[in-house]
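Visitor: Handing you a structure now.
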Amino acid sequence: MKKFIESLSNVWKIEELKNRILVTLGLLLVYRFGAQVTLPGIDATKLNGLTDQTKEGIGWLIDVFTGGAFSQASVFALGIMPYISASIVVQLMGIAVPYLQKLQKDGESGRKKMNQITRWLTIVITLVQAPGYIFNLYRTLPGEAFLSNVNPGLISPFAFQFLSVVILVSGTIFAMWLGEKITDKGIGNGISLLIMVGIIARMPQAFIQEFSTRVTNNNGGPMLLVFEVIIWLLVIVACVLLVMAVRKIPVQYARRTASGEFEQGGNRQWIPLKLNASGVMPIIFAQAIMFIPAALAGLSSSETATSVSTAFQNIFGWQYNLVFALLIIVFTYFYTAITVPTNKMADDLKRSGGFIPGIRPGAETSEFLDKIMSYITFPGSLFLALIAVFPAIVVSVLSVQPSWALFYGGTSLLIMVGVASDTIQQINSYLLNKHYDGLMKSGKNRKAVA
C-alpha cells in the first residue's frame, strides 16, 4: 500500500500526466453535469413514468450506457450509443466495401477518414433515434409534463419536437467530441471512460437497493449479502485475469556484425499475445445489436412480434442470454481479426532481424501467429461470454436484485474492469518513461530524468 501511495504521488510530479488527468476529470465532470440537464419544455418533476421504465431490463441498460441521462430526459439522453452503433456499422462494412478496406490499410490518413465517416454516420443514426426518443416521452409521460401541452401559445408541439430533436443530436455530437478530446488531450479511452463513469454512477444506488432487500426486509440477512459481495469480488478477479492474460511467443533476435550481417545468438524476447485482444468492444458491439430485435418487434402488433419483443426485453431470460453469448463469441473473433495484424507483426519482426525459433520469417511466421491467435481467442471468447451472462445466473440462483446483479458481470463489470485496466496502463507508461515505478509495480522509486 505504501508503494502504491508513493506511485500516486509520483503522478503529480509529471506535469504532462497531471495536466492530462485534470483535463480528463474536467471533461468527465462536464458530461456528468450535462446528463442532469432536462430537455427544455419538459417538467423535470414529472418524469416518474420514464424512471419506472428504466428500473430494469433493456431500459436499465440503456440508462446505464447514457449515465442516467435517458431516465432524466436529458440533453444527453441518447448518450454515446449512436457513435458505438456507427462504429459497428463502419467496422462491418470494412469487410465488404473495397473503399473502406483501402482506408484500413492507409495508416494514419486512412484512420482519420474512417473516423470522419463514423462521425457523419453517427449524426444520421442520431437523427433516426431522436424522434423515437421523443415519441417514447409522449407515450410514457403525462400530458402536463410538456410545456407545449400546458401552454401551447408559448411553444407549439411541432416546435418543441423539432427543437428537442436538434438538441438531442447536438448532445450526442458534443458527447462524441468530449470522448475524442479525452482521447487526444486526456489519458485516452475517451468513449469508454464516458460509458464507465455512467455505470459507476448507478452502482451505489443498486447496492443500496440490494442491502435494503437483504437486511432491512430480512430477505436472507447480512450473511447472504456478505456471500454475494465475496462472489462479486471473485468475479472481478476473474475479469482482471481475463483482461491481463497473455500467451508469450518466444522471439530470437540475431546480432548484427560489423559488416552489417545478421548472425544467430542474439537477445531472446517475447511477443505477448493477449487472450482477450479485443478488450470490451465485443461486449459493447453485442449489446448494441441486442437492442435491435426488441425495437423492430415493437413496430408490429402480431403475436410473433410480441413474443420476440418479450423475449429480448427480458435480459435475464435464456433466449436473450443465448443470443447475447453467441454474438460476443462472433464479435470477439471479428474484432481480434481486424485489430491484431499478424501480417504486419511478421513483417516488422523480419525487418528488425527477429524470428520465432523453428518458424521461418515472413509468411510462415504470419500463419503461425494467426493460428496461435485463433487457438487462444476461442477460450477467451467463451470466458468472455460466460462472464457476460453471469448476471442471469446469479438472478436465477441467488435471487439477487436485477439492478445489482448486472454488476456481477455482463457489460457493466467488464467495461469497468477493462477500461480501468487500460487507464492504469496508460498512466504506467508515463510513469515508466519518466523512470518512476508504475501504479501496479513495486520496487525502489527512482529519480525522474530532467
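Residue numbering restarts at 1 for every chain of the C-alpha cells, chains are lettered A, B, ... in their displayed order, and ligands are numbered from 1 as they appear.
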Got a sec: who's within 12 Å of segment 60-63 of chain A, counting only C-alpha atoms, leaving out chain neighbours fewer than 3 positions off, as JSON, numbers by chain?

Guide: {"A": [35, 50, 51, 52, 53, 54, 55, 56, 57, 66, 67, 68, 69, 70, 71, 72, 73, 74, 76, 77, 78, 79, 80, 81, 82, 133, 195, 198, 199, 201, 202, 206, 284, 287, 288, 290, 291, 313, 314, 315, 316, 402, 403, 404, 405, 406, 407, 410, 411, 412]}

Visitor: Quick one: residues within 7 Å of Thr24 of chain A, only C-alpha atoms, excluding same-chain residues fewer than 6 positions away - as a PyMOL selection string?

Guide: chain A and resi 182+186-187

Visitor: Could you write out that same residue set with C-alpha atoms as a compact mmCIF listing (two decimals), in the first residue's frame?

Guide:
```txt
# COMPACT_ATOMS: atom_id res chain seq x y z
CA ILE A 182 -10.32 12.86 -23.62
CA GLY A 186 -6.53 13.36 -21.65
CA ILE A 187 -5.38 9.90 -20.66
```

Visitor: Name the closest residue to Phe390 of chain A among the candidates A:Ser164, A:Asn321, A:Ser87, A:Asn428; distances are taken between atoms, counting only C-alpha atoms.

Guide: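 Under the stated criterion, the closest residue is A:Asn321.
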
Visitor: Looking at only C-alpha atoms, which of A:Leu168, A:Ile173, A:Val280, A:Leu193 is the one that sits closest to Val37 of chain A?

Guide: A:Leu168

Visitor: From the list A:Ala311, A:Pro282, A:Met93, A:Gly188, which residue is nearest Val330 of chain A when using only C-alpha atoms?

Guide: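 When distances to Val330 of chain A are compared using only C-alpha atoms, the smallest one comes from A:Pro282.
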
Visitor: So which bits of segment 195-356 of chain A end up strand (DSSP E or B) when you DSSP the backbone, as a count of residues only?

Guide: 21

Visitor: Using only C-alpha atoms, which protein or nucleic acid residues come within 12 Å of Leu322 of chain A? Drop anything in the same chain fewer than 3 positions from it, and give the result as a PyMOL selection string.

Guide: chain A and resi 286+290+311-312+315-319+325-329+385-386+388-390+392

Visitor: Here is a test: counting only C-alpha atoms, which residue of A:Ile415, A:Val308, A:Leu382, A:Val246 is nearest to Phe331 of chain A?

Guide: A:Leu382
